[in-house]
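target29.csv follows; it contains CSV, C-alpha atoms.
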chain,number,residue,atom,x,y,z
Y,1,MET,CA,36.5,14.5,-35.3
Y,2,THR,CA,39.1,15.5,-32.7
Y,3,GLY,CA,40.0,13.6,-29.6
Y,4,LYS,CA,38.2,16.2,-27.4
Y,5,ASN,CA,35.0,15.9,-29.5
Y,6,ARG,CA,35.1,12.1,-29.2
Y,7,ILE,CA,35.5,12.2,-25.5
Y,8,ALA,CA,32.7,14.7,-25.2
Y,9,LEU,CA,30.5,12.6,-27.4
Y,10,LEU,CA,31.3,9.5,-25.4
Y,11,GLY,CA,30.6,11.4,-22.1
Y,12,PHE,CA,27.2,12.5,-23.5
Y,13,ILE,CA,26.3,8.9,-24.4
Y,14,VAL,CA,27.3,7.6,-21.0
Y,15,ALA,CA,25.4,10.3,-19.3
Y,16,ALA,CA,22.3,9.6,-21.4
Y,17,LEU,CA,22.5,5.8,-20.6
Y,18,VAL,CA,22.9,6.5,-16.9
Y,19,GLY,CA,19.9,8.8,-17.0
Y,20,PHE,CA,17.9,6.3,-18.9
Y,21,VAL,CA,18.7,3.6,-16.3
Y,22,ALA,CA,18.0,5.9,-13.4
Y,23,VAL,CA,14.6,7.0,-14.8
Y,24,GLY,CA,13.8,3.3,-15.5
Y,25,SER,CA,14.5,2.4,-11.9
Y,26,TRP,CA,12.6,5.4,-10.6
Y,27,TRP,CA,9.6,4.6,-12.7
Y,28,SER,CA,9.7,1.0,-11.5
Y,29,GLY,CA,7.4,-1.1,-13.6
Y,30,ALA,CA,5.7,1.6,-15.6
Y,31,ALA,CA,7.8,0.6,-18.6
Y,32,LEU,CA,6.3,-2.9,-18.3
Y,33,GLY,CA,2.8,-1.4,-18.4
Y,34,PRO,CA,0.1,-0.9,-15.8
Y,35,GLU,CA,-0.7,-4.6,-15.6
Y,36,ALA,CA,2.8,-5.5,-14.2
Y,37,SER,CA,2.7,-2.5,-11.9
Y,38,SER,CA,-0.7,-3.4,-10.5
Y,39,LYS,CA,0.4,-7.0,-9.9
Y,40,ALA,CA,3.4,-5.8,-8.0
Y,41,THR,CA,1.2,-3.5,-5.9
Y,42,ALA,CA,-1.3,-6.3,-5.2
Y,43,THR,CA,1.5,-8.6,-4.1
Y,44,ARG,CA,2.8,-5.9,-1.7
Y,45,VAL,CA,-0.6,-5.3,-0.3
Y,46,GLU,CA,-1.2,-9.0,0.3
Y,47,ASP,CA,2.2,-9.3,1.9
Y,48,SER,CA,1.4,-6.3,4.2
Y,49,LEU,CA,-2.0,-7.8,5.1
Y,50,ALA,CA,-0.4,-11.1,5.9
Y,51,ALA,CA,2.1,-9.5,8.2
Y,52,LEU,CA,-0.6,-7.5,10.0
Y,53,GLU,CA,-2.8,-10.6,10.3
Y,54,LYS,CA,0.1,-12.5,11.8
Y,55,LYS,CA,0.8,-9.7,14.3
Y,56,ALA,CA,-2.8,-9.7,15.4
Y,57,ARG,CA,-2.8,-13.4,15.9
Y,58,ASN,CA,0.4,-13.4,17.8
Y,59,GLU,CA,-0.6,-10.4,20.0
Y,60,PRO,CA,-4.4,-10.7,20.3
Y,61,ALA,CA,-4.6,-8.5,23.4
Y,62,LYS,CA,-3.3,-5.3,21.6
Y,63,ALA,CA,-6.1,-3.2,20.1
Y,64,VAL,CA,-3.5,-1.3,18.0
Y,65,ASN,CA,-2.8,-4.5,16.0
Y,66,PHE,CA,-6.5,-4.8,15.1
Y,67,THR,CA,-6.8,-1.1,14.4
Y,68,ARG,CA,-3.9,-1.3,11.9
Y,69,LEU,CA,-5.3,-4.4,10.4
Y,70,GLY,CA,-8.7,-2.7,10.0
Y,71,GLU,CA,-7.0,0.3,8.3
Y,72,ALA,CA,-5.2,-2.0,5.9
Y,73,TYR,CA,-8.4,-4.0,5.0
Y,74,LYS,CA,-10.3,-0.7,4.5
Y,75,ALA,CA,-7.5,0.6,2.1
Y,76,ALA,CA,-7.6,-2.7,0.2
Y,77,GLY,CA,-11.4,-2.5,-0.2
Y,78,ARG,CA,-12.1,-5.5,2.0
Y,79,LEU,CA,-14.8,-3.8,4.1
Y,80,THR,CA,-16.3,-6.8,5.8
Y,81,GLU,CA,-12.9,-7.8,7.1
Y,82,ALA,CA,-12.2,-4.2,8.1
Y,83,VAL,CA,-15.3,-4.1,10.2
Y,84,SER,CA,-14.4,-7.4,11.9
Y,85,ALA,CA,-10.9,-6.1,12.7
Y,86,TYR,CA,-12.3,-2.8,14.1
Y,87,VAL,CA,-14.9,-4.6,16.2
Y,88,SER,CA,-12.1,-6.7,17.7
Y,89,ALA,CA,-10.2,-3.4,18.4
Y,90,ALA,CA,-13.3,-1.9,19.9
Y,91,GLU,CA,-13.8,-4.8,22.3
Y,92,LEU,CA,-10.2,-4.4,23.5
Y,93,ALA,CA,-10.3,-0.6,23.7
Y,94,PRO,CA,-14.0,0.4,24.1
Y,95,GLY,CA,-13.3,4.1,24.6
Y,96,ASP,CA,-10.9,4.5,21.6
Y,97,ALA,CA,-12.3,7.4,19.5
Y,98,GLU,CA,-10.2,6.4,16.4
Y,99,VAL,CA,-11.8,3.0,16.4
Y,100,GLN,CA,-15.3,4.4,16.8
Y,101,ARG,CA,-14.8,6.9,14.0
Y,102,ALA,CA,-13.5,4.1,11.7
Y,103,LEU,CA,-16.6,2.0,12.5
Y,104,ILE,CA,-18.9,4.9,11.8
Y,105,SER,CA,-17.1,5.6,8.5
Y,106,LEU,CA,-17.4,2.0,7.4
Y,107,LYS,CA,-21.1,2.0,8.3
Y,108,ALA,CA,-21.6,5.1,6.1
Y,109,MET,CA,-19.6,3.5,3.3
Y,110,ALA,CA,-21.8,0.4,3.5
Y,111,GLU,CA,-25.0,2.5,3.5
Y,112,ALA,CA,-23.8,4.5,0.5
Y,113,LYS,CA,-22.9,1.4,-1.4
Y,114,GLY,CA,-26.3,-0.1,-0.6
Y,115,ARG,CA,-28.1,2.9,-2.2
Y,116,HIS,CA,-26.4,2.5,-5.5
Here is the file; what I need is its structure written in the form of structure tokens.
Amino acid sequence: MTGKNRIALLGFIVAALVGFVAVGSWWSGAALGPEASSKATATRVEDSLAALEKKARNEPAKAVNFTRLGEAYKAAGRLTEAVSAYVSAAELAPGDAEVQRALISLKAMAEAKGRH
């Protein structure tokens, strides 16, 4: 094997290793399996909810804080808490169409869930 071939082979190996590391970082957690990935996602969701809850407690006069909290609860499947947050938002901003749509949507979800 010539010197040029050795350098080319070494370059190929380095490129392959860099690609492997890059894909592993990009895939973040998939190599560890779905269980590790879902635990990380659950932790991020809980952290986000905690931050939104804190913001709503610290600024209770802002409807937008309760609207965001309601959206987050709904996305997390915590529908009872979502309704509570949206009701708080509706009390602060009674004419807010977004809040009214969200409450209607949650009511429809609850009715559909009750039928099954």
(request) Go ahead and find all residues with at least one atom no further than 9 Å from (-17.0, -0.8, 8.4) in the file's coordinates, using all atoms listed in the file; report them as an NGL selection string. (result) :Y and (70 or 74 or 79-84 or 86-87 or 102-110)
(message) So, with all atoms listed in the file as the atoms that count, which of Y:Ala63, Y:Ala50, Y:Ala75, Y:Ala40 lies closest to Pro94 in chain Y?
(response)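 That would be Y:Ala63, the residue with the smallest distance to Pro94 in chain Y.
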(message) Using Å and a single decimal, report how far CA of Thr41 in chain Y sits from CA of Asn65 in chain Y.
(response) 22.3 Å
(request) Could you jot down the CA of Arg57 in chain Y to CA of Ala76 in chain Y separation for me, Å, one decimal place? (result) 19.6 Å
(message) Could you check the closest approach to Leu49 in chain Y for each of Y:Ala97, Y:Lys62, Y:Glu91, Y:Glu71 and tell me which residue wins, using all atoms listed in the file?
(response) Y:Glu71
(request) Go ahead and compute the interatomic distance for CA of Ala89 in chain Y and CA of Glu59 in chain Y, in Å to one decimal. (result) 12.0 Å
(message) Calculated over all atoms listed in the file, which of the candidates Y:Asp96, Y:Ala85, Y:Lys39, Y:Arg78 has the smallest distance to Glu53 in chain Y?
(response)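 Counting all atoms listed in the file, the residue closest to Glu53 in chain Y is Y:Ala85.
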(message) My list of candidates is Y:Val99, Y:Ala93, Y:Asp47, Y:Lys4. Which is closest to Ala61 in chain Y when distances are computed with all atoms listed in the file?
(response) Y:Ala93
